[in-house]
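Heads up, start-v7.cif below (mmCIF, C-alpha atoms):
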data_target
loop_
_atom_site.label_atom_id
_atom_site.label_comp_id
_atom_site.auth_asym_id
_atom_site.auth_seq_id
_atom_site.Cartn_x
_atom_site.Cartn_y
_atom_site.Cartn_z
CA MET A 29 0.00 0.00 0.00
CA VAL A 30 1.29 3.46 -0.91
CA ARG A 31 1.23 5.66 2.15
CA TRP A 32 -0.45 9.00 1.52
CA GLU A 33 1.71 11.80 2.80
CA PRO A 34 0.06 15.16 2.50
CA GLY A 35 2.44 17.84 1.29
CA THR A 36 5.08 15.44 -0.01
CA ARG A 37 4.70 16.65 -3.55
CA ASP A 38 4.95 20.30 -2.52
CA ARG A 39 8.01 19.61 -0.37
CA LEU A 40 9.71 17.79 -3.25
CA GLN A 41 8.90 20.64 -5.61
CA GLU A 42 10.21 23.29 -3.23
CA ALA A 43 13.45 21.36 -2.60
CA ALA A 44 13.88 20.73 -6.34
CA LEU A 45 13.61 24.41 -7.26
CA GLU A 46 16.04 25.42 -4.53
CA LEU A 47 18.59 22.88 -5.78
CA TYR A 48 18.08 23.73 -9.47
CA ASP A 49 18.65 27.38 -8.62
CA SER A 50 21.67 27.01 -6.33
CA ARG A 51 23.42 24.09 -8.01
CA GLY A 52 22.08 24.09 -11.57
CA PHE A 53 19.35 21.97 -13.16
CA GLU A 54 21.74 19.57 -14.90
CA GLU A 55 23.78 19.11 -11.75
CA THR A 56 20.81 18.07 -9.60
CA THR A 57 19.56 14.48 -9.53
CA ALA A 58 16.19 13.12 -8.43
CA ALA A 59 18.02 11.40 -5.57
CA ASP A 60 19.47 14.76 -4.43
CA ILE A 61 15.98 16.26 -4.34
CA ALA A 62 14.50 13.34 -2.43
CA ARG A 63 17.40 13.34 0.03
CA ALA A 64 16.96 17.06 0.70
CA VAL A 65 13.53 16.33 2.19
CA GLY A 66 14.44 12.98 3.79
CA LEU A 67 12.75 10.82 1.16
CA THR A 68 13.88 8.19 -1.31
CA GLU A 69 14.38 8.55 -5.06
CA ARG A 70 11.53 6.06 -5.48
CA THR A 71 9.17 8.40 -3.68
CA PHE A 72 10.27 11.22 -5.99
CA PHE A 73 9.31 9.13 -9.01
CA ARG A 74 5.92 8.33 -7.51
CA HIS A 75 5.19 12.06 -7.75
CA PHE A 76 7.08 13.20 -10.87
CA ALA A 77 7.93 11.39 -14.11
CA ASP A 78 11.36 13.09 -14.16
CA LYS A 79 13.12 16.12 -12.73
CA ARG A 80 12.01 18.33 -15.61
CA GLU A 81 8.36 17.59 -14.83
CA VAL A 82 8.78 19.35 -11.49
CA LEU A 83 8.99 22.58 -13.48
CA PHE A 84 6.31 21.80 -16.07
CA ASP A 85 3.80 20.06 -13.92
CA GLY A 86 0.22 21.30 -14.15
CA GLN A 87 0.39 22.37 -17.79
CA GLU A 88 -3.04 20.85 -18.44
CA PHE A 89 -4.60 23.10 -15.76
CA PHE A 90 -2.78 26.12 -17.14
CA GLN A 91 -4.19 25.47 -20.62
CA ALA A 92 -7.59 24.64 -19.15
CA ALA A 93 -7.69 28.08 -17.50
CA PHE A 94 -7.37 29.76 -20.90
CA VAL A 95 -9.95 27.44 -22.47
CA SER A 96 -12.40 28.02 -19.64
CA GLY A 97 -12.06 31.78 -20.25
CA VAL A 98 -12.84 31.23 -23.94
CA GLU A 99 -15.97 29.33 -22.95
CA LYS A 100 -17.05 31.98 -20.45
CA ALA A 101 -17.04 34.81 -23.02
CA PRO A 102 -20.60 35.91 -23.79
CA SER A 103 -22.37 34.60 -26.86
CA GLY A 104 -21.61 36.75 -29.91
CA ALA A 105 -18.39 38.09 -28.34
CA ALA A 106 -15.78 39.43 -30.78
CA ALA A 107 -12.52 37.47 -31.06
CA ILE A 108 -10.64 40.03 -28.97
CA GLU A 109 -13.24 39.78 -26.21
CA ILE A 110 -12.87 36.01 -26.22
CA VAL A 111 -9.09 36.39 -25.91
CA THR A 112 -9.48 38.94 -23.12
CA SER A 113 -11.74 36.53 -21.26
CA ALA A 114 -9.11 33.79 -21.69
CA LEU A 115 -6.39 36.12 -20.38
CA GLU A 116 -8.53 37.08 -17.39
CA SER A 117 -9.18 33.44 -16.59
CA ALA A 118 -5.48 32.58 -16.88
CA ALA A 119 -4.61 35.48 -14.57
CA ALA A 120 -6.26 33.55 -11.73
CA PHE A 121 -3.31 31.17 -12.02
CA PHE A 122 -0.93 33.93 -10.99
CA PRO A 123 -2.00 35.45 -7.68
CA ALA A 124 0.49 37.74 -5.91
CA GLU A 125 1.59 34.93 -3.59
CA ARG A 126 2.85 32.96 -6.59
CA ARG A 127 5.23 35.70 -7.71
CA ASP A 128 8.27 34.50 -5.77
CA TYR A 129 7.80 30.92 -6.95
CA SER A 130 7.41 32.11 -10.55
CA ARG A 131 10.51 34.31 -10.30
CA LEU A 132 12.56 31.39 -9.02
CA ARG A 133 11.21 29.07 -11.73
CA GLN A 134 11.92 31.68 -14.42
CA ARG A 135 15.53 32.13 -13.22
CA ILE A 136 16.04 28.36 -13.48
CA ILE A 137 14.57 28.22 -16.98
CA VAL A 138 16.51 31.20 -18.30
CA ALA A 139 19.74 29.54 -17.10
CA ASN A 140 19.17 26.37 -19.14
CA PRO A 141 18.68 26.29 -22.95
CA ALA A 142 16.94 22.88 -22.91
CA LEU A 143 14.41 24.16 -20.37
CA GLN A 144 13.89 27.29 -22.47
CA GLU A 145 13.05 25.06 -25.44
CA ARG A 146 10.62 23.08 -23.33
CA GLU A 147 8.97 26.33 -22.22
CA LEU A 148 8.69 27.52 -25.84
CA LEU A 149 7.04 24.25 -26.82
CA LYS A 150 4.64 24.63 -23.91
CA MET A 151 3.62 28.07 -25.17
CA ALA A 152 3.25 26.75 -28.72
CA GLY A 153 0.99 24.01 -27.38
CA LEU A 154 -1.02 26.64 -25.55
CA ALA A 155 -1.44 28.65 -28.77
CA ARG A 156 -2.73 25.55 -30.61
CA THR A 157 -5.17 24.65 -27.82
CA LEU A 158 -6.37 28.24 -27.56
CA ALA A 159 -6.87 28.53 -31.35
CA ALA A 160 -8.97 25.35 -31.32
CA ALA A 161 -11.11 26.68 -28.46
CA ILE A 162 -11.62 30.02 -30.26
CA ARG A 163 -12.60 28.19 -33.46
CA GLY A 164 -15.04 26.28 -31.27
CA ARG A 165 -16.69 29.65 -30.53
CA GLY A 166 -17.39 30.10 -34.23
CA VAL A 167 -14.42 32.31 -35.11
CA PRO A 168 -12.96 31.10 -38.42
CA ASP A 169 -9.30 30.96 -39.36
CA PRO A 170 -7.08 32.92 -39.84
CA GLN A 171 -8.79 35.12 -37.22
CA ALA A 172 -8.88 32.33 -34.63
CA THR A 173 -5.17 31.58 -35.02
CA LEU A 174 -4.28 35.28 -35.00
CA ALA A 175 -6.39 35.81 -31.89
CA ALA A 176 -4.79 32.83 -30.13
CA GLU A 177 -1.22 33.80 -31.07
CA THR A 178 -1.93 37.36 -30.00
CA GLY A 179 -3.32 36.12 -26.68
CA VAL A 180 -0.20 34.04 -26.06
CA THR A 181 2.06 36.98 -26.98
CA VAL A 182 0.17 39.27 -24.59
CA PHE A 183 0.33 36.62 -21.89
CA GLY A 184 4.09 36.13 -22.39
CA VAL A 185 4.92 39.84 -22.31
CA ALA A 186 2.64 40.36 -19.28
CA PHE A 187 4.21 37.40 -17.50
CA LEU A 188 7.74 38.83 -17.83
CA ALA A 189 6.52 42.24 -16.66
CA TRP A 190 4.75 40.62 -13.67
CA LEU A 191 8.07 39.03 -12.63
CA GLU A 192 9.99 42.32 -12.67
CA PRO A 193 11.39 43.40 -9.31
CA GLY A 194 9.09 45.93 -7.68
CA GLU A 195 6.16 45.18 -10.02
CA GLU A 196 3.03 45.03 -7.87
CA ARG A 197 0.10 45.27 -10.28
CA PRO A 198 -2.10 42.17 -10.40
CA PHE A 199 -1.56 39.90 -13.39
CA PHE A 200 -4.75 40.83 -15.24
CA ALA A 201 -4.04 44.55 -14.86
CA ILE A 202 -0.72 43.99 -16.61
CA GLU A 203 -2.36 41.86 -19.32
CA THR A 204 -4.86 44.64 -19.95
CA ALA A 205 -2.08 47.23 -20.21
CA VAL A 206 -0.20 45.02 -22.69
CA LEU A 207 -3.38 44.52 -24.74
CA ASP A 208 -3.72 48.32 -24.86
CA GLU A 209 -0.12 48.59 -26.03
CA LEU A 210 -0.89 46.08 -28.75
CA THR A 211 -3.96 48.00 -29.87
CA ALA A 212 -1.89 51.18 -30.00
CA LEU A 213 0.78 49.31 -31.96
CA THR A 214 -1.50 47.89 -34.62
CA GLY A 215 -3.63 51.02 -34.71
CA GLY A 216 -0.53 52.53 -36.32
CA PRO A 217 0.27 56.12 -37.08
CA SER A 218 -3.07 57.04 -38.66
CA ALA A 219 -4.99 56.04 -35.53
CA ALA A 220 -2.47 57.83 -33.32
CA ALA A 221 -2.39 61.02 -35.44
CA PRO A 222 -4.88 63.71 -34.51
CA ARG A 223 -7.90 63.80 -36.79
CA ALA A 224 -8.35 66.93 -38.84
CA MET B 1220 41.94 19.66 -53.12
CA VAL B 1221 38.15 19.80 -52.92
CA ARG B 1222 36.69 19.86 -56.42
CA TRP B 1223 34.11 22.58 -56.92
CA GLU B 1224 30.99 21.13 -58.47
CA PRO B 1225 28.41 23.79 -59.26
CA GLY B 1226 24.89 22.76 -58.36
CA THR B 1227 25.91 19.86 -56.12
CA ARG B 1228 24.35 21.43 -53.08
CA ASP B 1229 21.07 22.10 -54.90
CA ARG B 1230 20.99 18.57 -56.29
CA LEU B 1231 21.55 17.10 -52.82
CA GLN B 1232 18.83 19.31 -51.38
CA GLU B 1233 16.32 18.38 -54.06
CA ALA B 1234 17.04 14.66 -53.68
CA ALA B 1235 16.82 14.95 -49.88
CA LEU B 1236 13.40 16.57 -49.93
CA GLU B 1237 12.05 14.02 -52.37
CA LEU B 1238 13.26 11.18 -50.16
CA TYR B 1239 12.04 12.77 -46.91
CA ASP B 1240 8.63 13.20 -48.50
CA SER B 1241 8.28 9.78 -50.10
CA ARG B 1242 10.05 7.63 -47.52
CA GLY B 1243 9.94 9.72 -44.35
CA PHE B 1244 12.58 11.92 -42.75
CA GLU B 1245 13.64 9.37 -40.12
CA GLU B 1246 13.86 6.61 -42.70
CA THR B 1247 16.23 8.51 -44.99
CA THR B 1248 20.01 8.50 -44.40
CA ALA B 1249 22.63 10.91 -45.68
CA ALA B 1250 24.04 8.01 -47.69
CA ASP B 1251 20.62 7.48 -49.35
CA ILE B 1252 20.53 11.12 -50.38
CA ALA B 1253 24.06 11.11 -51.74
CA ARG B 1254 23.44 7.86 -53.62
CA ALA B 1255 20.28 9.29 -55.24
CA VAL B 1256 22.44 11.86 -57.05
CA GLY B 1257 25.45 9.60 -57.62
CA LEU B 1258 27.61 11.08 -54.86
CA THR B 1259 29.21 9.79 -51.68
CA GLU B 1260 28.07 10.33 -48.11
CA ARG B 1261 31.30 12.24 -47.56
CA THR B 1262 30.30 14.74 -50.24
CA PHE B 1263 26.93 15.17 -48.53
CA PHE B 1264 28.69 16.09 -45.29
CA ARG B 1265 30.89 18.60 -47.11
CA HIS B 1266 27.67 20.51 -47.88
CA PHE B 1267 25.44 19.89 -44.86
CA ALA B 1268 26.24 19.28 -41.18
CA ASP B 1269 23.44 16.69 -40.99
CA LYS B 1270 20.28 15.69 -42.78
CA ARG B 1271 18.17 18.09 -40.73
CA GLU B 1272 20.28 21.03 -41.90
CA VAL B 1273 19.06 20.40 -45.45
CA LEU B 1274 15.69 21.71 -44.27
CA PHE B 1275 16.93 24.54 -42.05
CA ASP B 1276 19.79 25.78 -44.11
CA GLY B 1277 19.90 29.52 -44.77
CA GLN B 1278 18.23 30.56 -41.52
CA GLU B 1279 20.76 33.39 -41.11
CA PHE B 1280 19.70 34.90 -44.45
CA PHE B 1281 16.04 34.51 -43.55
CA GLN B 1282 16.58 36.42 -40.29
CA ALA B 1283 18.81 38.94 -42.07
CA ALA B 1284 15.95 39.72 -44.48
CA PHE B 1285 13.73 40.76 -41.55
CA VAL B 1286 16.53 42.77 -39.93
CA SER B 1287 17.35 44.54 -43.19
CA GLY B 1288 13.67 45.54 -43.43
CA VAL B 1289 13.84 46.97 -39.91
CA GLU B 1290 16.89 49.01 -40.91
CA LYS B 1291 15.25 50.25 -44.12
CA ALA B 1292 12.23 51.75 -42.32
CA PRO B 1293 12.37 55.56 -42.45
CA SER B 1294 13.70 57.49 -39.49
CA GLY B 1295 10.95 58.18 -36.95
CA ALA B 1296 8.80 55.29 -38.24
CA ALA B 1297 6.24 53.90 -35.78
CA ALA B 1298 6.83 50.35 -34.51
CA ILE B 1299 4.14 48.93 -36.81
CA GLU B 1300 5.78 50.59 -39.84
CA ILE B 1301 9.10 49.06 -38.85
CA VAL B 1302 7.42 45.63 -38.62
CA THR B 1303 5.70 46.14 -41.96
CA SER B 1304 9.03 47.01 -43.54
CA ALA B 1305 10.52 43.81 -42.04
CA LEU B 1306 7.62 41.75 -43.41
CA GLU B 1307 8.01 43.31 -46.85
CA SER B 1308 11.72 42.58 -46.86
CA ALA B 1309 11.12 38.97 -45.76
CA ALA B 1310 8.54 38.53 -48.52
CA ALA B 1311 11.38 38.78 -51.06
CA PHE B 1312 12.44 35.39 -49.72
CA PHE B 1313 9.23 33.82 -50.98
CA PRO B 1314 8.76 34.52 -54.69
CA ALA B 1315 6.06 32.53 -56.52
CA GLU B 1316 8.64 30.07 -57.88
CA ARG B 1317 9.52 29.03 -54.35
CA ARG B 1318 5.94 27.96 -53.52
CA ASP B 1319 6.28 24.33 -54.60
CA TYR B 1320 9.53 23.90 -52.71
CA SER B 1321 7.99 25.49 -49.60
CA ARG B 1322 4.90 23.28 -49.85
CA LEU B 1323 7.05 20.16 -50.06
CA ARG B 1324 9.21 21.30 -47.14
CA GLN B 1325 6.11 22.10 -45.07
CA ARG B 1326 4.63 18.66 -45.72
CA ILE B 1327 7.85 17.05 -44.48
CA ILE B 1328 7.93 19.18 -41.35
CA VAL B 1329 4.27 18.65 -40.48
CA ALA B 1330 4.84 14.88 -40.72
CA ASN B 1331 7.61 14.88 -38.09
CA PRO B 1332 7.22 16.20 -34.51
CA ALA B 1333 10.97 16.71 -34.01
CA LEU B 1334 11.14 18.85 -37.16
CA GLN B 1335 8.09 20.81 -35.98
CA GLU B 1336 9.95 21.56 -32.75
CA ARG B 1337 13.00 22.67 -34.70
CA GLU B 1338 10.79 24.97 -36.79
CA LEU B 1339 9.19 26.46 -33.67
CA LEU B 1340 12.63 27.18 -32.22
CA LYS B 1341 13.62 28.80 -35.50
CA MET B 1342 10.62 31.14 -35.28
CA ALA B 1343 11.38 31.89 -31.61
CA GLY B 1344 14.93 32.78 -32.63
CA LEU B 1345 13.55 35.04 -35.33
CA ALA B 1346 11.32 36.82 -32.79
CA ARG B 1347 14.33 37.45 -30.51
CA THR B 1348 16.49 38.76 -33.37
CA LEU B 1349 13.67 40.95 -34.66
CA ALA B 1350 12.96 42.39 -31.19
CA ALA B 1351 16.64 43.29 -30.81
CA ALA B 1352 16.65 45.00 -34.22
CA ILE B 1353 13.48 46.96 -33.35
CA ARG B 1354 14.99 48.03 -30.03
CA GLY B 1355 17.98 49.17 -32.09
CA ARG B 1356 15.61 51.57 -33.86
CA GLY B 1357 14.84 53.23 -30.52
CA VAL B 1358 11.57 51.41 -29.73
CA PRO B 1359 11.62 50.46 -26.03
CA ASP B 1360 10.26 47.27 -24.50
CA PRO B 1361 7.61 45.98 -24.13
CA GLN B 1362 6.63 47.63 -27.44
CA ALA B 1363 9.66 46.21 -29.29
CA THR B 1364 8.94 42.66 -28.10
CA LEU B 1365 5.23 43.02 -28.86
CA ALA B 1366 6.01 44.38 -32.31
CA ALA B 1367 8.46 41.54 -33.03
CA GLU B 1368 6.13 38.80 -31.76
CA THR B 1369 3.30 40.34 -33.75
CA GLY B 1370 5.48 40.43 -36.85
CA VAL B 1371 6.37 36.75 -36.45
CA THR B 1372 2.71 35.83 -35.90
CA VAL B 1373 1.67 37.72 -39.03
CA PHE B 1374 4.49 36.10 -40.96
CA GLY B 1375 3.51 32.60 -39.76
CA VAL B 1376 -0.18 33.00 -40.58
CA ALA B 1377 0.66 34.53 -43.96
CA PHE B 1378 3.12 31.74 -44.73
CA LEU B 1379 0.49 29.03 -44.17
CA ALA B 1380 -2.01 30.95 -46.30
CA TRP B 1381 0.60 31.36 -49.06
CA LEU B 1382 1.04 27.56 -49.13
CA GLU B 1383 -2.67 26.86 -49.56
CA PRO B 1384 -3.60 25.10 -52.82
CA GLY B 1385 -4.83 27.63 -55.35
CA GLU B 1386 -3.49 30.65 -53.42
CA GLU B 1387 -1.87 32.97 -55.94
CA ARG B 1388 -1.44 36.30 -54.18
CA PRO B 1389 2.18 37.37 -53.69
CA PHE B 1390 3.57 36.86 -50.21
CA PHE B 1391 3.56 40.53 -49.18
CA ALA B 1392 -0.06 40.95 -50.31
CA ILE B 1393 -1.02 38.13 -47.94
CA GLU B 1394 1.08 39.61 -45.12
CA THR B 1395 -0.68 42.95 -45.60
CA ALA B 1396 -4.10 41.27 -45.50
CA VAL B 1397 -3.15 39.43 -42.28
CA LEU B 1398 -1.89 42.69 -40.73
CA ASP B 1399 -5.26 44.23 -41.57
CA GLU B 1400 -7.01 41.28 -39.91
CA LEU B 1401 -4.89 41.83 -36.84
CA THR B 1402 -5.71 45.53 -36.73
CA ALA B 1403 -9.40 44.66 -37.02
CA LEU B 1404 -8.98 42.08 -34.26
CA THR B 1405 -7.27 44.36 -31.75
CA GLY B 1406 -9.39 47.33 -32.76
CA GLY B 1407 -12.18 45.39 -31.06
CA PRO B 1408 -15.89 46.01 -31.08
CA SER B 1409 -15.71 49.72 -30.21
CA ALA B 1410 -13.50 50.50 -33.19
CA ALA B 1411 -15.71 48.38 -35.45
CA ALA B 1412 -18.96 49.90 -34.22
CA PRO B 1413 -20.26 52.88 -36.16
CA ARG B 1414 -19.51 56.19 -34.48
CA ALA B 1415 -22.50 58.17 -33.28
#

As structure tokens, the full file:
Amino acid sequence: MVRWEPGTRDRLQEAALELYDSRGFEETTAADIARAVGLTERTFFRHFADKREVLFDGQEFFQAAFVSGVEKAPSGAAAIEIVTSALESAAAFFPAERRDYSRLRQRIIVANPALQERELLKMAGLARTLAAAIRGRGVPDPQATLAAETGVTVFGVAFLAWLEPGEERPFFAIETAVLDELTALTGGPSAAAPRA
Amino acid sequence: MVRWEPGTRDRLQEAALELYDSRGFEETTAADIARAVGLTERTFFRHFADKREVLFDGQEFFQAAFVSGVEKAPSGAAAIEIVTSALESAAAFFPAERRDYSRLRQRIIVANPALQERELLKMAGLARTLAAAIRGRGVPDPQATLAAETGVTVFGVAFLAWLEPGEERPFFAIETAVLDELTALTGGPSAAAPRA
């Protein structure tokens, strides 16, 4: 019988991130992580498929947050409103108390090219899932793909801003500001120029 | 002394793509490709580092086309004009006579997850290079990153449209249409609604 130990997974994850950050991702083994919290390597592998999964765990919930936002947008919503709803829903994943964890995770990923690739593929997977959900709301391509890619771009830029030292705005406030920047960008000079 | 054989590289590339398409990328060896054009494996490796490079060769010129467009934008150009100039410059890479080659290459990449990953990383690299070039034109972040990511999204959507059977518009015409779609998307319902 597998003994259920509440918090084991969280303890393993916390120890893993500390070791990845201090020692390097490549230099840390599953056994090191388990040992740091007084557990065996076997216990580690009951919770995570491998040491990379510690960092990419929960991707299905992350994507599901975006998709749920797509589904929550009111009937007849324009593509940009659907994307905004997805971004708002995803923002719930990043409450203020997650900032320090996210900063630590980001530092680990930036330090390792293979992890950066994995992160890029995760975002590409998100864009595909999001595009399918937006098509499911009756938005045809290429608009659905454009809307999804735009949503992922806004999310990515907002995420990096959210991690900045001293940044205190909530995640969705930053997403909204980035969306506004994007509107200003694509509005171009004629929209920005004063009307005669 | 290495004998210079004009056209060898092109012949190897053409044979490689035919084999990747008919037999599968994984199932084709460098020796197969060389043999198909009456050459040795050693000659293949004088031209390409590996069989994947046959498909991703010339990436530096592809990125340079975008960067040269950024540099050609007039002084004081808005970020979107800089991106448009980059997209126009990149379009020169995709004349009508390249369509069949690009369709074949795309079919090979879509059939192989590892090649799809490589292609995604290529586009991510392009976005980074483009953002740096846009920053070099005095556009600060996050606008430069947003502009670059938007440019890469527009390029990607336009590229897939350009490959569609029966599509005959030139590449830049498609890019312009996709940019217009994006402006309509981010303009949102208030911009689309008639003004009182």

Practice problem: Rank nothing, just name the residue among B:Ile1299, B:Ala1315, B:Leu1349, B:Ala1283 nearest to chain A, using only C-alpha atoms. | Solution: B:Ile1299

Practice problem: Check every residue of chain B for an atom within 9 Å of chain A, counting all atoms listed in the file, and provide those that qualify as number ranges by chain. | Solution: B: 1296-1300, 1336, 1339-1340, 1343, 1361-1362, 1364-1366, 1368-1369, 1372-1373, 1376-1377, 1380, 1397-1408

Please, could you write that set of residues out with C-alpha atoms as a PDB file, keeping the file's coordinate frame?
ATOM      1  CA  ALA B1296       8.800  55.290 -38.240  1.00  0.00           C
ATOM      2  CA  ALA B1297       6.240  53.900 -35.780  1.00  0.00           C
ATOM      3  CA  ALA B1298       6.830  50.350 -34.510  1.00  0.00           C
ATOM      4  CA  ILE B1299       4.140  48.930 -36.810  1.00  0.00           C
ATOM      5  CA  GLU B1300       5.780  50.590 -39.840  1.00  0.00           C
ATOM      6  CA  GLU B1336       9.950  21.560 -32.750  1.00  0.00           C
ATOM      7  CA  LEU B1339       9.190  26.460 -33.670  1.00  0.00           C
ATOM      8  CA  LEU B1340      12.630  27.180 -32.220  1.00  0.00           C
ATOM      9  CA  ALA B1343      11.380  31.890 -31.610  1.00  0.00           C
ATOM     10  CA  PRO B1361       7.610  45.980 -24.130  1.00  0.00           C
ATOM     11  CA  GLN B1362       6.630  47.630 -27.440  1.00  0.00           C
ATOM     12  CA  THR B1364       8.940  42.660 -28.100  1.00  0.00           C
ATOM     13  CA  LEU B1365       5.230  43.020 -28.860  1.00  0.00           C
ATOM     14  CA  ALA B1366       6.010  44.380 -32.310  1.00  0.00           C
ATOM     15  CA  GLU B1368       6.130  38.800 -31.760  1.00  0.00           C
ATOM     16  CA  THR B1369       3.300  40.340 -33.750  1.00  0.00           C
ATOM     17  CA  THR B1372       2.710  35.830 -35.900  1.00  0.00           C
ATOM     18  CA  VAL B1373       1.670  37.720 -39.030  1.00  0.00           C
ATOM     19  CA  VAL B1376      -0.180  33.000 -40.580  1.00  0.00           C
ATOM     20  CA  ALA B1377       0.660  34.530 -43.960  1.00  0.00           C
ATOM     21  CA  ALA B1380      -2.010  30.950 -46.300  1.00  0.00           C
ATOM     22  CA  VAL B1397      -3.150  39.430 -42.280  1.00  0.00           C
ATOM     23  CA  LEU B1398      -1.890  42.690 -40.730  1.00  0.00           C
ATOM     24  CA  ASP B1399      -5.260  44.230 -41.570  1.00  0.00           C
ATOM     25  CA  GLU B1400      -7.010  41.280 -39.910  1.00  0.00           C
ATOM     26  CA  LEU B1401      -4.890  41.830 -36.840  1.00  0.00           C
ATOM     27  CA  THR B1402      -5.710  45.530 -36.730  1.00  0.00           C
ATOM     28  CA  ALA B1403      -9.400  44.660 -37.020  1.00  0.00           C
ATOM     29  CA  LEU B1404      -8.980  42.080 -34.260  1.00  0.00           C
ATOM     30  CA  THR B1405      -7.270  44.360 -31.750  1.00  0.00           C
ATOM     31  CA  GLY B1406      -9.390  47.330 -32.760  1.00  0.00           C
ATOM     32  CA  GLY B1407     -12.180  45.390 -31.060  1.00  0.00           C
ATOM     33  CA  PRO B1408     -15.890  46.010 -31.080  1.00  0.00           C
TER      34      PRO B1408
END

Practice problem: For atom CA of Ala1250 of chain B and atom CA of Leu1323 of chain B, determine how far apart the two atoms are, in Å to one decimal place. | Solution: 21.0 Å

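What separates atom CA of Tyr129 of chain A from atom CA of Glu42 of chain A is a distance of 8.8 Å.
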
As lines of an AutoDock Vina configuration file, what would the box around segment 1274-1282 of chain B look like: edges along x, y and z, 5 Å added on every side, centre and edge lengths in Å to one decimal?
center_x = 18.2
center_y = 29.1
center_z = -42.5
size_x = 15.1
size_y = 24.7
size_z = 14.5

Quiz item: What is the distance, in Å and to one decimal place, between atom CA of Ala1249 of chain B and atom CA of Lys1270 of chain B?
Solution: 6.1 Å

Quick one: residues within 12 Å of Glu88 of chain A, all atoms listed in the file counted, chain neighbours fewer than 3 positions away excluded, as a short mmCIF file (atom, residue, chain, number, x, y, z; two decimals) with C-alpha atoms, keeping the file's coordinate frame?
data_model
loop_
_atom_site.label_atom_id
_atom_site.label_comp_id
_atom_site.auth_asym_id
_atom_site.auth_seq_id
_atom_site.Cartn_x
_atom_site.Cartn_y
_atom_site.Cartn_z
CA PHE A 84 6.31 21.80 -16.07
CA ASP A 85 3.80 20.06 -13.92
CA GLN A 91 -4.19 25.47 -20.62
CA ALA A 92 -7.59 24.64 -19.15
CA ALA A 93 -7.69 28.08 -17.50
CA PHE A 94 -7.37 29.76 -20.90
CA VAL A 95 -9.95 27.44 -22.47
CA SER A 96 -12.40 28.02 -19.64
CA LYS A 150 4.64 24.63 -23.91
CA MET A 151 3.62 28.07 -25.17
CA GLY A 153 0.99 24.01 -27.38
CA LEU A 154 -1.02 26.64 -25.55
CA THR A 157 -5.17 24.65 -27.82
#

Which residues are close to segment 1244-1248 of chain B, i.e. within 12 Å by only C-alpha atoms, leaving aside same-chain residues fewer than 5 positions away? Reply as a PDB file with C-alpha atoms, in the frame of the given file.
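Result file around26.pdb:
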ATOM      1  CA  ALA B1234      17.040  14.660 -53.680  1.00  0.00           C
ATOM      2  CA  ALA B1235      16.820  14.950 -49.880  1.00  0.00           C
ATOM      3  CA  LEU B1236      13.400  16.570 -49.930  1.00  0.00           C
ATOM      4  CA  GLU B1237      12.050  14.020 -52.370  1.00  0.00           C
ATOM      5  CA  LEU B1238      13.260  11.180 -50.160  1.00  0.00           C
ATOM      6  CA  TYR B1239      12.040  12.770 -46.910  1.00  0.00           C
ATOM      7  CA  ALA B1253      24.060  11.110 -51.740  1.00  0.00           C
ATOM      8  CA  ARG B1254      23.440   7.860 -53.620  1.00  0.00           C
ATOM      9  CA  ALA B1255      20.280   9.290 -55.240  1.00  0.00           C
ATOM     10  CA  THR B1259      29.210   9.790 -51.680  1.00  0.00           C
ATOM     11  CA  GLU B1260      28.070  10.330 -48.110  1.00  0.00           C
ATOM     12  CA  PHE B1263      26.930  15.170 -48.530  1.00  0.00           C
ATOM     13  CA  PHE B1264      28.690  16.090 -45.290  1.00  0.00           C
ATOM     14  CA  ASP B1269      23.440  16.690 -40.990  1.00  0.00           C
ATOM     15  CA  LYS B1270      20.280  15.690 -42.780  1.00  0.00           C
ATOM     16  CA  ARG B1271      18.170  18.090 -40.730  1.00  0.00           C
ATOM     17  CA  GLU B1272      20.280  21.030 -41.900  1.00  0.00           C
ATOM     18  CA  VAL B1273      19.060  20.400 -45.450  1.00  0.00           C
ATOM     19  CA  LEU B1274      15.690  21.710 -44.270  1.00  0.00           C
ATOM     20  CA  ARG B1324       9.210  21.300 -47.140  1.00  0.00           C
ATOM     21  CA  ARG B1326       4.630  18.660 -45.720  1.00  0.00           C
ATOM     22  CA  ILE B1327       7.850  17.050 -44.480  1.00  0.00           C
ATOM     23  CA  ILE B1328       7.930  19.180 -41.350  1.00  0.00           C
ATOM     24  CA  VAL B1329       4.270  18.650 -40.480  1.00  0.00           C
ATOM     25  CA  ALA B1330       4.840  14.880 -40.720  1.00  0.00           C
ATOM     26  CA  ASN B1331       7.610  14.880 -38.090  1.00  0.00           C
ATOM     27  CA  PRO B1332       7.220  16.200 -34.510  1.00  0.00           C
ATOM     28  CA  ALA B1333      10.970  16.710 -34.010  1.00  0.00           C
ATOM     29  CA  LEU B1334      11.140  18.850 -37.160  1.00  0.00           C
TER      30      LEU B1334
END

Practice problem: Please identify all polymer residues within 10 Å of Ala1392 of chain B, counting all atoms listed in the file, omitting same-chain residues fewer than 3 positions from it, and present them as number ranges by chain. | Solution: B: 1307, 1310, 1377, 1381, 1387-1389, 1395-1398
